[in-house]
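Read the structure below first, then the notes.
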Amino acid sequence: MAHHHSPLDVLLSRASTDHLVEPPPKGDELRTILSAGLRAPDHGKMRPWRYTVVKGKHREAFADLVVEAMGRQEPDAPEGKKTKRHHRFANMPMIIALGMHLQPEGKIPVIEQEMAVAAGAMNVLNALHAAGFGGMWVTGPFCEDRVLLESLGLPEPHRLAGFLFVGTPAKHSDERKRPEIDDYMAVWKGDAITFAADAG
Ligand SMILES: Cc1cc2nc3c(=O)[nH]c(=O)nc-3n(C[C@H](O)[C@H](O)[C@H](O)COP(=O)(O)O)c2cc1C
């Protein structure tokens, strides 16, 4: 179990997966996991996080809404793509919409408000993993659909940063190779810096 690992092991072993089965976190455990999202840095105490949880028998109707939104945002999308997406949204153990309560007239730039939501989403993904669950962050043009957003409790000027698919990982996912940190960090010593990740 994840509990036997150090917090750093947890962070360094997280990987996204959409091979998710029952059960998703419920009740107080779900509330605890989402509370980790509210630990994200938040310039100006804007508190932009809005989590809409979709589960159980409501998934089917929600998948209908997603596909309707897709129809409006991607009118040329083939029928097969719509069917596939419907199946995906109707069968995920749980879906959490990442709502952003944005204040365009506020003192804090909107991008910083959005980054606080993104940082919160990452914390939720890590908390899911720490608690033995799995997740994956997905988006699509349907995330811009005002009708869909309204139905999730996100009227203007809310926006949607995407959805988290949530559940129990179906299998131990193969460890995908990660980039080498030395290519992505540099210690500044006053001279010009180039990153190995940018070479060639
Ligand atoms: C804002 C955002 C949106 C994403 N949207 C999608 C998506 O729509 N479909 C998809 O397959 N992956 C999407 N991803 C990528 C996956 O969430 C995931 O990061 C990717 O599969 C790599 O897995 P990893 O997190 O283990 O590196 C998105 C990631 C972010 C941050």
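The way I read the labels, and the way they are meant: chains A, B, ... in the order of the structure tokens, residue 1 as the first residue of every chain, and ligand 1 as the first ligand shown, with later ones counted on from there.
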Neighbours of stretch 47-57 of chain A within 9 Å (only C-alpha atoms; same-chain residues fewer than 4 positions away dropped), as number ranges by chain? A: 24, 34, 37-38, 42-43, 61-62, 90, 92-103, 113-114, 116-117, 120-121, 152-154, 158
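Around ligand 1, the neighbouring residues within 6 Å, taking only C-alpha atoms and all ligand atoms, come to A:Ala15, A:Ser16, A:Met136, A:Trp137, A:Val138, A:Thr139, A:Gly140.
Remark: for A:Met46, the closest of the candidate residues A:Val110, A:Ala130, A:Val10, A:Met70 is A:Val110 (distances computed over only C-alpha atoms).
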Write out as a VMD selection string the set of residues from stretch 86-192 of chain A that DSSP, computed on the backbone, places in strand (DSSP E or B). chain A and resid 94 to 100 134 to 138 159 to 169
Please determine, counting only C-alpha atoms, which residue among A:Arg72, A:Arg59, A:His5, A:Lys177 has the shortest atom-to-atom distance to A:Arg88. A:Arg59
DSSP on the backbone, helix (DSSP H, G or I) only: what residues of stretch 11-181 of chain A does that give? Format it as a PyMOL selection string. chain A and resi 11-13+27-37+56-73+79-91+110-130+141-144+146-151+181
Would you write out those residues with C-alpha atoms, as a PDB file, in the first residue's frame?
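So part.pdb came out as:
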```pdb
ATOM      1  CA  LEU A  11       5.354  12.050  -5.538  1.00  0.00           C
ATOM      2  CA  LEU A  12       7.989  10.264  -7.609  1.00  0.00           C
ATOM      3  CA  SER A  13       5.773   7.301  -8.459  1.00  0.00           C
ATOM      4  CA  GLY A  27     -17.392  10.473   1.538  1.00  0.00           C
ATOM      5  CA  ASP A  28     -14.781  11.796   3.938  1.00  0.00           C
ATOM      6  CA  GLU A  29     -11.919  10.253   1.949  1.00  0.00           C
ATOM      7  CA  LEU A  30     -13.012  12.190  -1.153  1.00  0.00           C
ATOM      8  CA  ARG A  31     -13.363  15.350   0.924  1.00  0.00           C
ATOM      9  CA  THR A  32      -9.839  14.852   2.286  1.00  0.00           C
ATOM     10  CA  ILE A  33      -8.398  14.309  -1.199  1.00  0.00           C
ATOM     11  CA  LEU A  34     -10.093  17.452  -2.540  1.00  0.00           C
ATOM     12  CA  SER A  35      -8.905  19.368   0.529  1.00  0.00           C
ATOM     13  CA  ALA A  36      -5.365  18.768  -0.757  1.00  0.00           C
ATOM     14  CA  GLY A  37      -6.398  20.848  -3.793  1.00  0.00           C
ATOM     15  CA  GLY A  56     -22.993   6.718  -9.987  1.00  0.00           C
ATOM     16  CA  LYS A  57     -26.264   6.828 -11.882  1.00  0.00           C
ATOM     17  CA  HIS A  58     -25.733  10.463 -12.893  1.00  0.00           C
ATOM     18  CA  ARG A  59     -22.800   9.624 -15.171  1.00  0.00           C
ATOM     19  CA  GLU A  60     -25.030   8.570 -18.037  1.00  0.00           C
ATOM     20  CA  ALA A  61     -26.909  11.890 -18.193  1.00  0.00           C
ATOM     21  CA  PHE A  62     -23.629  13.734 -17.762  1.00  0.00           C
ATOM     22  CA  ALA A  63     -22.068  11.845 -20.678  1.00  0.00           C
ATOM     23  CA  ASP A  64     -25.103  12.944 -22.758  1.00  0.00           C
ATOM     24  CA  LEU A  65     -24.315  16.585 -21.862  1.00  0.00           C
ATOM     25  CA  VAL A  66     -20.643  16.173 -22.796  1.00  0.00           C
ATOM     26  CA  VAL A  67     -21.536  14.733 -26.187  1.00  0.00           C
ATOM     27  CA  GLU A  68     -24.096  17.491 -26.791  1.00  0.00           C
ATOM     28  CA  ALA A  69     -21.360  20.028 -25.963  1.00  0.00           C
ATOM     29  CA  MET A  70     -19.068  18.246 -28.374  1.00  0.00           C
ATOM     30  CA  GLY A  71     -21.740  18.515 -31.056  1.00  0.00           C
ATOM     31  CA  ARG A  72     -21.788  22.297 -30.603  1.00  0.00           C
ATOM     32  CA  GLN A  73     -18.012  22.790 -30.307  1.00  0.00           C
ATOM     33  CA  GLU A  79     -20.151   9.801 -34.838  1.00  0.00           C
ATOM     34  CA  GLY A  80     -17.598   7.209 -33.700  1.00  0.00           C
ATOM     35  CA  LYS A  81     -15.659   9.794 -31.731  1.00  0.00           C
ATOM     36  CA  LYS A  82     -18.842  10.896 -29.978  1.00  0.00           C
ATOM     37  CA  THR A  83     -19.827   7.331 -29.125  1.00  0.00           C
ATOM     38  CA  LYS A  84     -16.361   6.662 -27.750  1.00  0.00           C
ATOM     39  CA  ARG A  85     -16.401   9.782 -25.608  1.00  0.00           C
ATOM     40  CA  HIS A  86     -19.880   8.990 -24.317  1.00  0.00           C
ATOM     41  CA  HIS A  87     -18.726   5.540 -23.300  1.00  0.00           C
ATOM     42  CA  ARG A  88     -15.652   6.975 -21.579  1.00  0.00           C
ATOM     43  CA  PHE A  89     -17.572   9.548 -19.551  1.00  0.00           C
ATOM     44  CA  ALA A  90     -20.467   7.234 -18.711  1.00  0.00           C
ATOM     45  CA  ASN A  91     -18.197   4.457 -17.455  1.00  0.00           C
ATOM     46  CA  VAL A 110      -6.380  35.813 -14.388  1.00  0.00           C
ATOM     47  CA  ILE A 111      -3.492  33.557 -15.382  1.00  0.00           C
ATOM     48  CA  GLU A 112      -2.414  33.421 -11.747  1.00  0.00           C
ATOM     49  CA  GLN A 113      -5.931  32.452 -10.731  1.00  0.00           C
ATOM     50  CA  GLU A 114      -5.836  29.726 -13.389  1.00  0.00           C
ATOM     51  CA  MET A 115      -2.444  28.541 -12.179  1.00  0.00           C
ATOM     52  CA  ALA A 116      -3.819  28.200  -8.642  1.00  0.00           C
ATOM     53  CA  VAL A 117      -6.513  25.885 -10.033  1.00  0.00           C
ATOM     54  CA  ALA A 118      -3.885  23.900 -11.957  1.00  0.00           C
ATOM     55  CA  ALA A 119      -1.681  23.619  -8.879  1.00  0.00           C
ATOM     56  CA  GLY A 120      -4.723  22.402  -6.946  1.00  0.00           C
ATOM     57  CA  ALA A 121      -5.484  19.799  -9.601  1.00  0.00           C
ATOM     58  CA  MET A 122      -1.931  18.468  -9.311  1.00  0.00           C
ATOM     59  CA  ASN A 123      -2.302  18.212  -5.555  1.00  0.00           C
ATOM     60  CA  VAL A 124      -5.545  16.287  -6.025  1.00  0.00           C
ATOM     61  CA  LEU A 125      -3.817  13.876  -8.447  1.00  0.00           C
ATOM     62  CA  ASN A 126      -1.028  13.340  -5.925  1.00  0.00           C
ATOM     63  CA  ALA A 127      -3.497  12.897  -3.059  1.00  0.00           C
ATOM     64  CA  LEU A 128      -5.416  10.323  -5.102  1.00  0.00           C
ATOM     65  CA  HIS A 129      -2.211   8.403  -5.702  1.00  0.00           C
ATOM     66  CA  ALA A 130      -1.143   8.660  -2.052  1.00  0.00           C
ATOM     67  CA  PRO A 141     -13.020  21.810 -26.980  1.00  0.00           C
ATOM     68  CA  PHE A 142     -16.199  20.825 -25.076  1.00  0.00           C
ATOM     69  CA  CYS A 143     -14.593  22.448 -21.995  1.00  0.00           C
ATOM     70  CA  GLU A 144     -15.404  25.826 -23.600  1.00  0.00           C
ATOM     71  CA  ARG A 146     -21.163  27.496 -21.858  1.00  0.00           C
ATOM     72  CA  VAL A 147     -24.200  25.189 -21.680  1.00  0.00           C
ATOM     73  CA  LEU A 148     -22.079  22.395 -20.243  1.00  0.00           C
ATOM     74  CA  LEU A 149     -20.401  24.774 -17.805  1.00  0.00           C
ATOM     75  CA  GLU A 150     -23.757  26.129 -16.623  1.00  0.00           C
ATOM     76  CA  SER A 151     -24.903  22.592 -15.889  1.00  0.00           C
ATOM     77  CA  ILE A 181      16.288  15.986 -14.277  1.00  0.00           C
TER      78      ILE A 181
END
```
Determine, counting only C-alpha atoms, which protein, DNA and RNA residues have an atom within 8 Å of an atom of A:Phe195; residues of the same chain fewer than 4 positions away are not included. Present the result as a ChimeraX atom specification. /A:183-186,199
Writer output for current selection, N, CA and C atoms, as a compact mmCIF listing (two decimals), in the first residue's frame:
```txt
# COMPACT_ATOMS: atom_id res chain seq x y z
N ASP A 183 18.66 17.42 -17.42
CA ASP A 183 18.35 18.13 -18.67
C ASP A 183 17.42 19.31 -18.44
N TYR A 184 16.81 19.36 -17.26
CA TYR A 184 15.75 20.34 -17.00
C TYR A 184 16.07 21.29 -15.86
N MET A 185 17.28 21.18 -15.32
CA MET A 185 17.65 22.13 -14.26
C MET A 185 19.03 22.70 -14.54
N ALA A 186 19.27 23.85 -13.97
CA ALA A 186 20.57 24.50 -14.10
C ALA A 186 20.80 25.30 -12.84
N ALA A 199 18.82 21.59 -26.23
CA ALA A 199 19.90 21.40 -27.21
C ALA A 199 19.40 20.63 -28.42
```
Nearest residue to A:Gly162 from the set A:Asp145, A:Asp191, A:Asp198, A:Glu74 (distances using only C-alpha atoms): A:Asp145
Report, in Å with one decimal, the straight-line distance from atom CA of A:Thr17 to atom CA of A:Gly132. 12.6 Å
With a distance cut-off of 9 Å and only C-alpha atoms, select the neighbouring residues of A:Pro169, excluding the residue or stretch itself and same-chain residues fewer than 5 positions from it, and output the selection as a PyMOL selection string. chain A and resi 17-22+132-135
Taking only C-alpha atoms into account, which of A:Arg159, A:Thr168, A:Leu8, A:Glu175 comes nearest A:Lys26? A:Thr168
